[in-house]
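First the structure, in the form of structure tokens, and then the observations on it.
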Amino acid sequence: MISLSILDYSPIDEGATAGEALQQTTRLAQLAEKIGYKRFWVAEHHQVFSVAGSSPEMLMMHLAGATQKIRIGSGGVMLPHYSSYKVAENFRLMEALHPGRIDLGIGRSRSYRLVNKALNESKGIPVSYEQQIADIQKYFTDDTDSEHRFQKLRATPVSETAPEIWVLGTGEGSVKVAAEAGAAYAYAHFAKPLKSSAQLIESYKEQFRPSKLLDAPKAMVCIFAVVGETEEEAEDLAKAFDLWLLFVESDTPPPYYPSVETAKQRGFSASELEKVERNRKRMLIGTPEQVKRQIEEIADAYQTDEVLVIPNVSGEDSRLKEIRLLAEVFGLEG
């Protein structure tokens with residue numbers, strides 16, 4: 001059995017506001033819980049004006065309060081920008097309020113140069129990514145005995161449970177970090193869908209070292225999925241997704257996610273079509289049955305039973321329908 005989870009970007013649809021996008025994320029999370037999804041994660045994007053998700057911790061707190069049992073997580077917190085101690089406090093606070101439901105997904109992706117400068121303006125000597133992960137593990141386990149530069153420091157509030165730690169990545173570097181730290185690993189197939197990538201999960205499992213928080217390897221794969229009731233509907237949604245990706249990669253992206261109608265009317269230039277062709281390799285597109293087969297093939301290749309779906313399509317109704325169609329075809333219990 002494959003368990004499905006959701007990663008939502010809080011896209012701001014054409015004609016909508018950021019506030020409306022965040023309310024749509026709330027409704028998407030509530031539906032995901034109702035129909036049997038395991039986790040609902042939110043992203044961290046800076047200087048991307050077509051999505052409203054810039055502070056996953058804040059949005060997670062809201063979503064955890066608006067749901068009852070689904071796991072709520074970050075996909076992910078870009079750890080090099082922040083103090084590990086503060087991140088640990090934020091997530092321990094959420095875990096204390098919602099025990100057994102919080103996931104800390106972390107990454108080290110860098111944003112625009114100006115964003116990097118603004119987020120790191122007050123930092124002194126930088127700490128390595130590996131050390132930051134070790135720091136969070138110390139704070140999550142209340143370890144004051146091991147040798148550490150902040151040996152007696154504890155992250156509050158102290159609670160009986162700890163968030164799950166997931167390392168997000170696309171290559172051997174992140175695999176090594178996750179395995180040596182004894183953390184769970186989430187592979188971003190949507191960013192780097194190479195045939196050789198499936199071997200990364202095997203490499204992660206082989207290198208895994210048990211930790212106080214995780215005694216056996218745990219992995220999942222993250223995908224872009226575009227699902228319509230018909231192939232024609234899926235293709236229309238995919239064209240809008242194509243255009244959004246082009247917008248995001250442009251020098252002057254508009255502050256919205258384009259509608260299907262806008263994508264149809266605008267069309268694509270020859271050079272844009274080349275980019276679209278490359279980006280299409282990052283997506284699963286089709287009817288529920290077609291996408292189900294593709295997900296099963298990917299899960300089999302990566303040897304994992306957990307898949308994180310990014311339903312980043314145009315329109316709230318389309319996003320709600322997509323996760324409902326996938327839940328039905330996979331027979332999720334909800």
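Identifiers in this document derive from the order of the structure tokens: chains are assigned A, B, ..., residues are numbered from 1 separately in each chain, and ligands are numbered from 1 in order of occurrence.
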Point to revise | alpha helix (DSSP H) per DSSP on the backbone: members of segment 71-227 of chain A, as number ranges by chain | key: A: 84-97, 113-119, 129-141, 172-181, 198-207
Check your understanding: Which residues, written as a ChimeraX atom specification, have at least one atom at most 9 Å from Arg27 of chain A, with only C-alpha atoms counted and residues fewer than 4 positions away on the same chain left out?
Key -> /A:22-23,31-32,66,320
Could you turn the residues from that selection into a file that holds all heavy atoms, as a PDB file, in the first residue's frame?
```pdb
ATOM      1  N   LEU A  22      -4.139  31.590   1.225  1.00  0.00           N
ATOM      2  CA  LEU A  22      -3.875  30.917   2.494  1.00  0.00           C
ATOM      3  C   LEU A  22      -5.130  30.245   3.037  1.00  0.00           C
ATOM      4  O   LEU A  22      -5.057  29.161   3.634  1.00  0.00           O
ATOM      5  CB  LEU A  22      -3.316  31.923   3.506  1.00  0.00           C
ATOM      6  CG  LEU A  22      -1.935  32.482   3.140  1.00  0.00           C
ATOM      7  CD1 LEU A  22      -1.566  33.644   4.050  1.00  0.00           C
ATOM      8  CD2 LEU A  22      -0.864  31.393   3.207  1.00  0.00           C
ATOM      9  N   GLN A  23      -6.278  30.844   2.831  1.00  0.00           N
ATOM     10  CA  GLN A  23      -7.530  30.191   3.231  1.00  0.00           C
ATOM     11  C   GLN A  23      -7.797  28.960   2.366  1.00  0.00           C
ATOM     12  O   GLN A  23      -8.325  27.953   2.846  1.00  0.00           O
ATOM     13  CB  GLN A  23      -8.702  31.185   3.140  1.00  0.00           C
ATOM     14  CG  GLN A  23      -8.663  32.285   4.188  1.00  0.00           C
ATOM     15  CD  GLN A  23      -8.591  31.745   5.601  1.00  0.00           C
ATOM     16  OE1 GLN A  23      -9.277  30.771   5.959  1.00  0.00           O
ATOM     17  NE2 GLN A  23      -7.757  32.359   6.432  1.00  0.00           N
ATOM     18  N   LEU A  31      -9.600  19.014   3.705  1.00  0.00           N
ATOM     19  CA  LEU A  31     -10.075  17.941   2.829  1.00  0.00           C
ATOM     20  C   LEU A  31      -9.088  16.779   2.821  1.00  0.00           C
ATOM     21  O   LEU A  31      -9.499  15.613   2.881  1.00  0.00           O
ATOM     22  CB  LEU A  31     -10.276  18.460   1.408  1.00  0.00           C
ATOM     23  CG  LEU A  31     -10.716  17.401   0.385  1.00  0.00           C
ATOM     24  CD1 LEU A  31     -12.060  16.792   0.769  1.00  0.00           C
ATOM     25  CD2 LEU A  31     -10.769  17.979  -1.032  1.00  0.00           C
ATOM     26  N   ALA A  32      -7.792  17.077   2.762  1.00  0.00           N
ATOM     27  CA  ALA A  32      -6.776  16.018   2.765  1.00  0.00           C
ATOM     28  C   ALA A  32      -6.917  15.143   4.006  1.00  0.00           C
ATOM     29  O   ALA A  32      -6.809  13.915   3.937  1.00  0.00           O
ATOM     30  CB  ALA A  32      -5.380  16.634   2.704  1.00  0.00           C
ATOM     31  N   ALA A  66      -6.462  24.052  12.633  1.00  0.00           N
ATOM     32  CA  ALA A  66      -7.653  23.911  11.792  1.00  0.00           C
ATOM     33  C   ALA A  66      -7.946  22.458  11.431  1.00  0.00           C
ATOM     34  O   ALA A  66      -8.932  22.167  10.756  1.00  0.00           O
ATOM     35  CB  ALA A  66      -7.482  24.736  10.514  1.00  0.00           C
ATOM     36  N   LEU A 320      -8.600  20.920  -5.138  1.00  0.00           N
ATOM     37  CA  LEU A 320      -9.461  20.082  -4.305  1.00  0.00           C
ATOM     38  C   LEU A 320      -9.874  18.815  -5.054  1.00  0.00           C
ATOM     39  O   LEU A 320      -9.854  17.710  -4.493  1.00  0.00           O
ATOM     40  CB  LEU A 320     -10.701  20.869  -3.873  1.00  0.00           C
ATOM     41  CG  LEU A 320     -10.473  22.040  -2.917  1.00  0.00           C
ATOM     42  CD1 LEU A 320     -11.748  22.871  -2.788  1.00  0.00           C
ATOM     43  CD2 LEU A 320     -10.035  21.550  -1.539  1.00  0.00           C
TER      44      LEU A 320
END
```
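Nearest residue to Leu63 of chain A, choosing from A:Glu33, A:Glu180, A:Glu289, A:Glu130 and counting only C-alpha atoms: A:Glu33.
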Skipping near chain neighbours, those fewer than 5 positions away, what residues fall within 8 Å of segment 244-246 of chain A using only C-alpha atoms, listed as a short mmCIF file (atom, residue, chain, number, x, y, z; two decimals) with N, CA, C and O atoms, in the first residue's frame?
```cif
data_model
loop_
_atom_site.label_atom_id
_atom_site.label_comp_id
_atom_site.auth_asym_id
_atom_site.auth_seq_id
_atom_site.Cartn_x
_atom_site.Cartn_y
_atom_site.Cartn_z
N TYR A 257 -0.72 33.03 -10.17
CA TYR A 257 -0.65 31.77 -10.91
C TYR A 257 -1.66 31.88 -12.05
O TYR A 257 -2.84 32.10 -11.82
N PRO A 258 -1.23 31.72 -13.30
CA PRO A 258 -2.14 31.96 -14.44
C PRO A 258 -3.27 30.95 -14.52
O PRO A 258 -3.12 29.78 -14.14
N GLU A 272 10.33 29.08 -25.58
CA GLU A 272 9.58 28.68 -24.39
C GLU A 272 9.16 27.22 -24.47
O GLU A 272 9.15 26.51 -23.46
N LYS A 275 11.73 24.96 -23.12
CA LYS A 275 11.72 24.92 -21.66
C LYS A 275 10.55 24.10 -21.14
O LYS A 275 10.67 23.34 -20.18
N VAL A 276 9.40 24.25 -21.80
CA VAL A 276 8.21 23.49 -21.41
C VAL A 276 8.49 22.00 -21.53
O VAL A 276 8.14 21.21 -20.65
N ASN A 279 10.57 20.94 -18.65
CA ASN A 279 9.81 20.96 -17.40
C ASN A 279 8.77 19.85 -17.33
O ASN A 279 8.44 19.38 -16.24
#
```
Check your understanding: Using the chain letters and numbers from this document, which residues of segment 105-197 of chain A does DSSP assign to strand (DSSP E or B), as a list in words?
Key -> Gly105, Ile106, Gly107, Glu164, Ile165, Trp166, Val167, Leu168, Gly169, Ala184, Tyr185, Ala186, Tyr187 and Ala188 of chain A
Need to verify the contact set: segment 104-106 of chain A, 10 Å, only C-alpha atoms, exclusion of same-chain residues closer than 2 positions in sequence. Can you return it as a short mmCIF file (atom, residue, chain, number, x, y, z; two decimals) with N, CA, C and O atoms, in the first residue's frame?
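The new file around.cif reads:
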```
data_model
loop_
_atom_site.label_atom_id
_atom_site.label_comp_id
_atom_site.auth_asym_id
_atom_site.auth_seq_id
_atom_site.Cartn_x
_atom_site.Cartn_y
_atom_site.Cartn_z
N TRP A 41 2.10 19.17 4.12
CA TRP A 41 3.27 20.03 4.29
C TRP A 41 3.08 21.34 3.53
O TRP A 41 2.35 21.39 2.53
N VAL A 42 3.76 22.37 4.01
CA VAL A 42 3.74 23.67 3.32
C VAL A 42 5.18 24.11 3.08
O VAL A 42 6.10 23.71 3.79
N ALA A 43 5.36 24.95 2.07
CA ALA A 43 6.69 25.28 1.57
C ALA A 43 7.19 26.63 2.10
O ALA A 43 6.45 27.39 2.73
N PRO A 56 6.72 28.80 6.72
CA PRO A 56 6.01 27.54 6.99
C PRO A 56 5.61 27.34 8.45
O PRO A 56 4.55 26.82 8.73
N GLU A 57 6.45 27.79 9.39
CA GLU A 57 6.12 27.60 10.80
C GLU A 57 4.82 28.30 11.18
O GLU A 57 3.97 27.73 11.89
N ILE A 72 1.20 17.63 10.16
CA ILE A 72 1.45 18.92 9.53
C ILE A 72 2.96 19.17 9.52
O ILE A 72 3.63 18.98 10.53
N GLY A 73 3.49 19.57 8.36
CA GLY A 73 4.93 19.71 8.27
C GLY A 73 5.40 20.80 7.33
O GLY A 73 4.61 21.46 6.65
N SER A 74 6.71 20.97 7.31
CA SER A 74 7.36 21.97 6.44
C SER A 74 8.09 21.25 5.32
O SER A 74 8.76 20.26 5.54
N GLY A 75 7.95 21.80 4.14
CA GLY A 75 8.63 21.19 3.00
C GLY A 75 9.38 22.20 2.15
O GLY A 75 9.05 22.35 0.99
N GLY A 76 10.40 22.86 2.72
CA GLY A 76 10.85 22.71 4.09
C GLY A 76 11.35 24.04 4.62
O GLY A 76 11.35 25.05 3.92
N VAL A 77 11.83 23.99 5.84
CA VAL A 77 12.52 25.14 6.42
C VAL A 77 13.94 25.17 5.88
O VAL A 77 14.66 24.18 5.97
N MET A 78 14.34 26.30 5.31
CA MET A 78 15.69 26.41 4.73
C MET A 78 16.67 26.75 5.86
O MET A 78 16.95 27.91 6.16
N LEU A 79 17.20 25.72 6.47
CA LEU A 79 17.90 25.81 7.74
C LEU A 79 19.10 26.76 7.75
O LEU A 79 19.33 27.45 8.76
N PRO A 80 19.91 26.85 6.69
CA PRO A 80 21.07 27.75 6.75
C PRO A 80 20.73 29.21 7.01
O PRO A 80 21.59 29.99 7.44
N VAL A 87 14.66 27.43 15.52
CA VAL A 87 13.85 26.48 14.76
C VAL A 87 13.35 25.37 15.69
O VAL A 87 12.17 24.99 15.66
N ALA A 88 14.24 24.87 16.55
CA ALA A 88 13.86 23.81 17.49
C ALA A 88 12.76 24.30 18.43
O ALA A 88 11.81 23.57 18.72
N PHE A 91 9.34 24.47 16.60
CA PHE A 91 8.74 23.17 16.32
C PHE A 91 8.40 22.41 17.60
O PHE A 91 7.43 21.64 17.62
N ARG A 92 9.13 22.62 18.67
CA ARG A 92 8.76 22.00 19.94
C ARG A 92 7.47 22.63 20.48
O ARG A 92 6.64 21.95 21.10
N ILE A 102 3.64 16.71 14.17
CA ILE A 102 4.47 17.74 13.56
C ILE A 102 5.70 17.14 12.87
O ILE A 102 6.42 16.33 13.45
N ARG A 108 18.57 23.01 2.43
CA ARG A 108 19.61 24.04 2.47
C ARG A 108 19.65 24.85 1.19
O ARG A 108 20.66 25.48 0.86
N SER A 109 18.55 24.83 0.46
CA SER A 109 18.48 25.58 -0.79
C SER A 109 18.65 27.07 -0.53
O SER A 109 18.09 27.62 0.42
N ILE A 133 21.87 20.40 11.83
CA ILE A 133 20.99 19.24 12.01
C ILE A 133 21.30 18.55 13.33
O ILE A 133 20.41 18.17 14.09
N ALA A 162 8.57 14.29 20.11
CA ALA A 162 9.38 15.19 19.30
C ALA A 162 8.90 15.17 17.86
O ALA A 162 8.38 14.15 17.38
N PRO A 163 9.07 16.27 17.13
CA PRO A 163 8.72 16.26 15.71
C PRO A 163 9.60 15.27 14.95
O PRO A 163 10.71 14.97 15.36
N GLU A 164 9.09 14.76 13.84
CA GLU A 164 9.92 13.97 12.94
C GLU A 164 10.82 14.92 12.15
O GLU A 164 10.38 15.97 11.70
N ILE A 165 12.07 14.53 11.96
CA ILE A 165 13.00 15.32 11.15
C ILE A 165 13.18 14.66 9.79
O ILE A 165 13.54 13.49 9.69
N TRP A 166 12.92 15.43 8.74
CA TRP A 166 13.09 14.97 7.36
C TRP A 166 14.10 15.87 6.66
O TRP A 166 13.95 17.09 6.69
N VAL A 167 15.09 15.27 6.05
CA VAL A 167 16.04 16.02 5.23
C VAL A 167 15.55 15.96 3.78
O VAL A 167 15.32 14.87 3.24
N LEU A 168 15.40 17.13 3.16
CA LEU A 168 14.96 17.20 1.77
C LEU A 168 16.18 17.33 0.87
O LEU A 168 17.15 18.03 1.23
N GLY A 169 16.16 16.69 -0.29
CA GLY A 169 17.31 16.80 -1.16
C GLY A 169 17.13 16.21 -2.53
O GLY A 169 16.09 15.62 -2.84
N ALA A 184 15.03 10.99 8.59
CA ALA A 184 14.27 10.53 7.43
C ALA A 184 14.69 11.35 6.20
O ALA A 184 15.22 12.46 6.32
N TYR A 185 14.44 10.79 5.00
CA TYR A 185 14.89 11.44 3.78
C TYR A 185 13.75 11.57 2.78
O TYR A 185 13.02 10.61 2.52
N ALA A 186 13.60 12.77 2.23
CA ALA A 186 12.58 13.04 1.21
C ALA A 186 13.27 13.48 -0.07
O ALA A 186 13.93 14.53 -0.08
#
```
Exercise for review: Would you list the contacts of Ala181 of chain A as number ranges by chain, taking every protein, DNA or RNA residue within 9 Å and counting only C-alpha atoms, but skipping same-chain residues closer than 4 positions in sequence?
Suggested key: A: 130, 133-134, 137, 176-177, 208-211
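Nearest residue to Pro193 of chain A among A:Ala327, A:Ala301, A:Ala178, A:Val260 is A:Ala301, counting only C-alpha atoms.
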Practice item. Extract, using only C-alpha atoms, all DNA, RNA and protein residues at most 7 Å from Arg71 of chain A, discarding same-chain residues fewer than 2 positions from it, and format them as a VMD selection string. Key: chain A and resid 38 to 40 69 73 101 to 103
For the residues in that selection, give me C-alpha atoms as a tab-separated table (two decimals), in the first residue's frame.
```tsv
chain	number	residue	atom	x	y	z
A	38	LYS	CA	-1.08	11.06	5.87
A	39	ARG	CA	0.72	14.42	5.93
A	40	PHE	CA	0.12	17.96	4.80
A	69	LYS	CA	-5.19	14.27	13.15
A	73	GLY	CA	4.93	19.71	8.27
A	101	ARG	CA	1.52	15.49	14.46
A	102	ILE	CA	4.47	17.74	13.56
A	103	ASP	CA	7.10	17.17	10.85
```
Study note, to complete from the structure: Computed gap from atom CA of Ala219 of chain A to atom CA of Ala238 of chain A is 27.6 Å
Report the closest atom pair, with its distance in Å rounded to one decimal, for each residue of segment 131-165 of chain A that has an atom no farther than 12 Å from segment 95-100 of chain A; count only C-alpha atoms, sort by chain and then rising residue number, and write it as a tab-separated table.
```
residue	atom	partner	partner_atom	distance
A:Phe140	CA	A:Glu95	CA	10.4
A:Ala155	CA	A:Ala96	CA	11.9
A:Thr156	CA	A:Ala96	CA	9.5
A:Pro157	CA	A:Ala96	CA	7.0
A:Val158	CA	A:Ala96	CA	7.6
A:Ser159	CA	A:Ala96	CA	5.7
A:Glu160	CA	A:Ala96	CA	8.1
A:Thr161	CA	A:Pro99	CA	6.3
A:Ala162	CA	A:Glu95	CA	6.5
A:Pro163	CA	A:Glu95	CA	6.2
A:Glu164	CA	A:Gly100	CA	8.6
```
Just write the chosen residues, all heavy atoms, as a PDB file, in the first residue's frame.
```pdb
ATOM      1  N   PHE A 140      15.915  18.464  20.347  1.00  0.00           N
ATOM      2  CA  PHE A 140      14.701  17.640  20.352  1.00  0.00           C
ATOM      3  C   PHE A 140      14.790  16.493  21.366  1.00  0.00           C
ATOM      4  O   PHE A 140      13.769  15.966  21.793  1.00  0.00           O
ATOM      5  CB  PHE A 140      14.454  17.054  18.961  1.00  0.00           C
ATOM      6  CG  PHE A 140      13.769  18.013  18.005  1.00  0.00           C
ATOM      7  CD1 PHE A 140      13.434  19.296  18.380  1.00  0.00           C
ATOM      8  CD2 PHE A 140      13.453  17.615  16.703  1.00  0.00           C
ATOM      9  CE1 PHE A 140      12.810  20.178  17.499  1.00  0.00           C
ATOM     10  CE2 PHE A 140      12.828  18.481  15.817  1.00  0.00           C
ATOM     11  CZ  PHE A 140      12.512  19.765  16.217  1.00  0.00           C
ATOM     12  N   ALA A 155      15.904  23.327  24.518  1.00  0.00           N
ATOM     13  CA  ALA A 155      14.874  24.055  23.778  1.00  0.00           C
ATOM     14  C   ALA A 155      13.531  23.813  24.448  1.00  0.00           C
ATOM     15  O   ALA A 155      13.148  22.675  24.703  1.00  0.00           O
ATOM     16  CB  ALA A 155      14.830  23.590  22.323  1.00  0.00           C
ATOM     17  N   THR A 156      12.852  24.872  24.752  1.00  0.00           N
ATOM     18  CA  THR A 156      11.542  24.773  25.406  1.00  0.00           C
ATOM     19  C   THR A 156      10.446  25.158  24.422  1.00  0.00           C
ATOM     20  O   THR A 156      10.690  25.875  23.456  1.00  0.00           O
ATOM     21  CB  THR A 156      11.501  25.699  26.629  1.00  0.00           C
ATOM     22  OG1 THR A 156      11.789  27.046  26.197  1.00  0.00           O
ATOM     23  CG2 THR A 156      12.511  25.272  27.672  1.00  0.00           C
ATOM     24  N   PRO A 157       9.224  24.672  24.669  1.00  0.00           N
ATOM     25  CA  PRO A 157       8.812  23.856  25.817  1.00  0.00           C
ATOM     26  C   PRO A 157       9.254  22.392  25.666  1.00  0.00           C
ATOM     27  O   PRO A 157       9.307  21.860  24.564  1.00  0.00           O
ATOM     28  CB  PRO A 157       7.289  23.962  25.778  1.00  0.00           C
ATOM     29  CG  PRO A 157       6.963  24.145  24.328  1.00  0.00           C
ATOM     30  CD  PRO A 157       8.084  24.983  23.781  1.00  0.00           C
ATOM     31  N   VAL A 158       9.546  21.774  26.807  1.00  0.00           N
ATOM     32  CA  VAL A 158       9.911  20.360  26.834  1.00  0.00           C
ATOM     33  C   VAL A 158       8.634  19.530  26.805  1.00  0.00           C
ATOM     34  O   VAL A 158       7.689  19.817  27.541  1.00  0.00           O
ATOM     35  CB  VAL A 158      10.728  20.037  28.106  1.00  0.00           C
ATOM     36  CG1 VAL A 158      11.002  18.548  28.211  1.00  0.00           C
ATOM     37  CG2 VAL A 158      12.026  20.835  28.104  1.00  0.00           C
ATOM     38  N   SER A 159       8.583  18.545  25.926  1.00  0.00           N
ATOM     39  CA  SER A 159       7.386  17.701  25.807  1.00  0.00           C
ATOM     40  C   SER A 159       7.797  16.243  25.677  1.00  0.00           C
ATOM     41  O   SER A 159       8.975  15.938  25.467  1.00  0.00           O
ATOM     42  CB  SER A 159       6.547  18.120  24.595  1.00  0.00           C
ATOM     43  OG  SER A 159       7.299  18.035  23.409  1.00  0.00           O
ATOM     44  N   GLU A 160       6.835  15.365  25.804  1.00  0.00           N
ATOM     45  CA  GLU A 160       7.125  13.928  25.783  1.00  0.00           C
ATOM     46  C   GLU A 160       7.425  13.409  24.384  1.00  0.00           C
ATOM     47  O   GLU A 160       8.054  12.366  24.230  1.00  0.00           O
ATOM     48  CB  GLU A 160       5.943  13.154  26.381  1.00  0.00           C
ATOM     49  CG  GLU A 160       5.720  13.439  27.866  1.00  0.00           C
ATOM     50  CD  GLU A 160       4.549  12.652  28.433  1.00  0.00           C
ATOM     51  OE1 GLU A 160       3.905  11.919  27.643  1.00  0.00           O
ATOM     52  OE2 GLU A 160       4.283  12.761  29.629  1.00  0.00           O
ATOM     53  N   THR A 161       6.954  14.089  23.368  1.00  0.00           N
ATOM     54  CA  THR A 161       7.175  13.656  21.986  1.00  0.00           C
ATOM     55  C   THR A 161       8.012  14.694  21.250  1.00  0.00           C
ATOM     56  O   THR A 161       8.136  15.838  21.696  1.00  0.00           O
ATOM     57  CB  THR A 161       5.844  13.452  21.249  1.00  0.00           C
ATOM     58  OG1 THR A 161       5.111  14.686  21.256  1.00  0.00           O
ATOM     59  CG2 THR A 161       5.015  12.369  21.923  1.00  0.00           C
ATOM     60  N   ALA A 162       8.566  14.292  20.108  1.00  0.00           N
ATOM     61  CA  ALA A 162       9.384  15.192  19.299  1.00  0.00           C
ATOM     62  C   ALA A 162       8.896  15.168  17.856  1.00  0.00           C
ATOM     63  O   ALA A 162       8.378  14.149  17.383  1.00  0.00           O
ATOM     64  CB  ALA A 162      10.852  14.780  19.353  1.00  0.00           C
ATOM     65  N   PRO A 163       9.066  16.271  17.135  1.00  0.00           N
ATOM     66  CA  PRO A 163       8.721  16.263  15.708  1.00  0.00           C
ATOM     67  C   PRO A 163       9.597  15.273  14.945  1.00  0.00           C
ATOM     68  O   PRO A 163      10.715  14.970  15.362  1.00  0.00           O
ATOM     69  CB  PRO A 163       9.028  17.701  15.265  1.00  0.00           C
ATOM     70  CG  PRO A 163       9.014  18.513  16.522  1.00  0.00           C
ATOM     71  CD  PRO A 163       9.527  17.593  17.591  1.00  0.00           C
ATOM     72  N   GLU A 164       9.087  14.765  13.840  1.00  0.00           N
ATOM     73  CA  GLU A 164       9.921  13.968  12.941  1.00  0.00           C
ATOM     74  C   GLU A 164      10.815  14.919  12.145  1.00  0.00           C
ATOM     75  O   GLU A 164      10.381  15.974  11.703  1.00  0.00           O
ATOM     76  CB  GLU A 164       9.058  13.159  11.963  1.00  0.00           C
ATOM     77  CG  GLU A 164       8.344  11.984  12.572  1.00  0.00           C
ATOM     78  CD  GLU A 164       7.655  11.112  11.522  1.00  0.00           C
ATOM     79  OE1 GLU A 164       7.833  11.381  10.304  1.00  0.00           O
ATOM     80  OE2 GLU A 164       6.943  10.174  11.914  1.00  0.00           O
TER      81      GLU A 164
END
```
Point to revise | atom CA of Thr230 of chain A to atom CA of Leu325 of chain A, distance in Å rounded to a single decimal | key: 11.3 Å
Practice item. Find the spatial neighbours of segment 261-269 of chain A, counting only C-alpha atoms, within a cut-off of 12 Å - ignore same-chain residues fewer than 4 positions away - and output them as a ChimeraX atom specification. Key: /A:13-15,235-247,256-257,273-277,314-315
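Interatomic distance, atom CA of Leu114 of chain A to atom CA of Ala21 of chain A: 25.2 Å.
Between Glu306 of chain A and the residues A:Tyr37, A:Lys86, A:Ala198, A:Val291, the shortest atom-to-atom distance, using only C-alpha atoms, involves A:Tyr37.
Counting only C-alpha atoms and comparing A:Gln47, A:Ser122, A:Ser174, A:Gln131, the residue that lies closest to Ile201 of chain A is A:Ser174.
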